[in-house]
Structures are given as structure tokens and as C-alpha cells.
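For reference, data12.tsv is printed below; it contains TSV, C-alpha atoms.
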```tsv
chain	number	residue	atom	x	y	z
V	21	MET	CA	-7.87	-15.30	-19.78
V	22	ARG	CA	-9.78	-13.24	-17.22
V	23	ASP	CA	-13.07	-14.09	-18.93
V	24	GLU	CA	-12.41	-17.82	-18.39
V	25	TYR	CA	-12.12	-17.29	-14.63
V	26	VAL	CA	-15.12	-15.00	-14.49
V	27	ALA	CA	-17.21	-17.52	-16.44
V	28	VAL	CA	-16.72	-20.15	-13.74
V	29	GLY	CA	-16.95	-17.67	-10.87
V	30	ASP	CA	-13.38	-18.09	-9.65
V	31	LYS	CA	-11.73	-15.12	-7.98
V	32	VAL	CA	-8.13	-14.54	-9.02
V	33	PHE	CA	-5.68	-12.54	-6.92
V	34	VAL	CA	-2.08	-12.29	-8.11
V	35	ARG	CA	0.97	-11.36	-6.04
V	36	VAL	CA	4.08	-10.24	-7.95
V	37	GLU	CA	7.47	-9.71	-6.34
V	38	ASP	CA	8.41	-6.13	-7.21
V	39	PRO	CA	12.15	-5.35	-7.18
V	40	ARG	CA	11.35	-1.67	-7.73
V	41	GLN	CA	10.47	-1.60	-4.03
V	42	ARG	CA	13.94	-2.77	-2.96
V	43	ASN	CA	16.87	-0.52	-2.11
V	44	TRP	CA	19.95	-1.85	-3.89
V	45	PHE	CA	23.22	-1.73	-2.01
V	46	GLY	CA	26.54	-3.52	-1.82
V	47	THR	CA	27.90	-2.39	-5.17
V	48	GLU	CA	30.59	-0.23	-3.56
V	49	ARG	CA	32.80	-3.33	-3.15
V	50	MET	CA	32.44	-4.38	-6.80
V	51	SER	CA	34.54	-3.50	-9.81
V	52	ARG	CA	32.93	-1.15	-12.32
V	53	GLU	CA	32.32	-4.12	-14.65
V	54	GLU	CA	30.70	-6.23	-11.90
V	55	GLU	CA	28.54	-3.29	-10.82
V	56	ARG	CA	27.48	-2.59	-14.42
V	57	LYS	CA	26.45	-6.22	-14.95
V	58	ARG	CA	24.53	-6.36	-11.68
V	59	LEU	CA	22.70	-3.12	-12.34
V	60	GLN	CA	21.80	-4.27	-15.87
V	61	GLY	CA	20.24	-7.38	-14.32
V	62	VAL	CA	18.37	-5.26	-11.80
V	63	GLY	CA	17.05	-3.04	-14.60
V	64	SER	CA	15.85	-6.08	-16.51
V	65	VAL	CA	13.98	-7.48	-13.52
V	66	LYS	CA	12.44	-4.07	-12.78
V	67	ARG	CA	11.29	-3.82	-16.40
V	68	ASP	CA	9.68	-7.27	-16.12
V	69	ALA	CA	7.81	-6.17	-12.97
V	70	SER	CA	6.48	-3.13	-14.84
V	71	ILE	CA	5.32	-5.35	-17.71
V	72	TRP	CA	3.50	-7.68	-15.30
V	73	GLU	CA	1.87	-4.72	-13.55
V	74	ASP	CA	0.63	-3.25	-16.84
V	75	TYR	CA	-0.58	-6.65	-18.05
V	76	LEU	CA	-2.57	-7.34	-14.87
V	77	LYS	CA	-4.09	-3.84	-14.98
V	78	ASP	CA	-5.14	-4.38	-18.60
V	79	LEU	CA	-6.73	-7.73	-17.68
V	80	GLY	CA	-8.59	-6.19	-14.77
V	81	VAL	CA	-7.19	-8.82	-12.41
V	82	GLU	CA	-6.82	-7.92	-8.76
V	83	PHE	CA	-3.13	-7.94	-7.81
V	84	GLU	CA	-0.53	-6.75	-5.33
V	85	MET	CA	3.07	-5.80	-6.05
V	86	VAL	CA	5.07	-7.22	-3.12
V	87	ALA	CA	8.38	-5.84	-1.86
V	88	PRO	CA	11.11	-8.53	-1.93
V	89	LYS	CA	11.89	-7.99	1.76
V	90	ARG	CA	8.39	-9.23	2.65
V	91	ASN	CA	9.00	-12.67	1.18
V	92	VAL	CA	10.66	-15.71	2.74
V	93	THR	CA	13.21	-17.08	0.26
V	94	LYS	CA	15.97	-19.62	-0.17
V	95	LEU	CA	14.27	-22.36	1.81
V	96	LYS	CA	15.69	-25.85	1.60
V	97	GLN	CA	13.37	-28.59	0.30
V	98	GLU	CA	12.74	-30.07	3.76
V	99	THR	CA	11.99	-26.70	5.37
V	100	PHE	CA	9.58	-25.85	2.55
V	101	LYS	CA	7.84	-29.21	3.01
V	102	ARG	CA	7.49	-28.60	6.77
V	103	TYR	CA	6.01	-25.12	6.21
V	104	THR	CA	3.67	-25.99	3.36
V	105	GLY	CA	3.05	-29.72	3.46
V	106	TRP	CA	4.06	-29.90	-0.24
V	107	GLY	CA	6.03	-33.12	-0.66
V	108	LYS	CA	6.71	-33.09	-4.40
V	109	GLN	CA	10.06	-32.06	-5.83
V	110	THR	CA	10.63	-28.30	-6.13
V	111	ASN	CA	13.51	-26.06	-7.07
V	112	GLU	CA	14.64	-22.90	-5.29
V	113	HIS	CA	12.83	-20.58	-7.73
V	114	GLY	CA	9.59	-22.53	-7.36
V	115	ARG	CA	9.84	-22.45	-3.56
V	116	ASP	CA	10.53	-18.71	-3.61
V	117	ALA	CA	7.48	-18.13	-5.83
V	118	ALA	CA	5.28	-20.35	-3.68
V	119	MET	CA	6.27	-18.42	-0.57
V	120	LEU	CA	4.81	-15.25	-2.14
V	121	VAL	CA	1.36	-16.77	-1.67
V	122	PHE	CA	1.76	-19.35	1.08
V	123	GLY	CA	0.07	-18.21	4.27
V	124	TYR	CA	-1.26	-15.09	2.58
```
Would you write the structure of this file as C-alpha cells?
Amino acid sequence: MRDEYVAVGDKVFVRVEDPRQRNWFGTERMSREEERKRLQGVGSVKRDASIWEDYLKDLGVEFEMVAPKRNVTKLKQETFKRYTGWGKQTNEHGRDAAMLVFGY
């Protein structure tokens, strides 16, 4: 993949939201079962971030692991359109991902 970009002279810079940089809190009000499920989900997402980091290192692609607190999220469609000028249909996950790079 990297070779394809290099062949045409494009520079690729990847930003990945890294949940390992977030302090998790709020589980004290959950039942043990709710806390266990939430922390399993957190572990899964952290594992995925590690996989992406290793993959990008192996490719030799320039990247940055971004703390979740540094990203604007949960924008409504109209707000996203005002900020970015993107008028096509998006979902919340797509808008969150786009905001990792918008204005960077």
C-alpha cells in the first residue's frame, strides 16, 4: 500500500484516535456486570489501537496517535456541514472520524 502512494509522490499522514491515552472513570456507579462489560469493550478498543500503531509502523507511514479528548465528537449533521462544508449524508461515526483530520 505504501509503495502505491510513494510511486505517485503522495504524502500520507494518518491520525488514529488512541483510547490508551484516556483516563477511564465513572464505573463506580455501575454494577459489577456493567463495569466488566464496559472494561472489556475498552480493552478491545485499546487492542485495536495497538494493532493500528504496529501496522502503520511496519508500513513506514507517518502517523500520530491522538488522545480522544483532543477530538470534537458527536456533532449533528447540520453542525458538521457548517464546520466542514461537507453536504453529503454522514453518520455519527463518520463525522467523528472526519473531525480527527478536519482543520488539522
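With all atoms listed in the file as the atoms that count, the minimum distance from V:Ser70 to the choices V:Gln41, V:Thr104, V:Thr99, V:Asn111 is reached by V:Gln41.
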Checklist line | All residues 10 Å or closer to V:Ala118, all atoms listed in the file, same chain fewer than 2 positions away omitted, as a PyMOL selection string | finding: chain V and resi 91-93+100+104+110+112-116+120-123
Atoms kept (C-alpha atoms) for selection, written as a CSV table (one decimal), keeping the file's coordinate frame:
```csv
chain,number,residue,atom,x,y,z
V,91,ASN,CA,9.0,-12.7,1.2
V,92,VAL,CA,10.7,-15.7,2.7
V,93,THR,CA,13.2,-17.1,0.3
V,100,PHE,CA,9.6,-25.8,2.6
V,104,THR,CA,3.7,-26.0,3.4
V,110,THR,CA,10.6,-28.3,-6.1
V,112,GLU,CA,14.6,-22.9,-5.3
V,113,HIS,CA,12.8,-20.6,-7.7
V,114,GLY,CA,9.6,-22.5,-7.4
V,115,ARG,CA,9.8,-22.4,-3.6
V,116,ASP,CA,10.5,-18.7,-3.6
V,120,LEU,CA,4.8,-15.2,-2.1
V,121,VAL,CA,1.4,-16.8,-1.7
V,122,PHE,CA,1.8,-19.4,1.1
V,123,GLY,CA,0.1,-18.2,4.3
```
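Closest to V:Lys31 among V:Glu82, V:Gly63, V:Glu98, V:Asp68 is V:Glu82, based on only C-alpha atoms.
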Check: When you draw a straight line from atom CA of V:Ala69 to atom CA of V:Val36, how long is it in Å?
Finding: 7.5 Å
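Interatomic distance, atom CA of V:Trp72 against atom CA of V:Lys94: 23.0 Å.
Of note, atom CA of V:Pro88 and atom CA of V:Lys101 are spaced 21.5 Å apart.
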Checklist line | 12 Å contact set for V:Arg40, all atoms listed in the file, chain neighbours under 2 positions out, as a PyMOL selection string | finding: chain V and resi 36-38+42-44+62-70+73+85-89
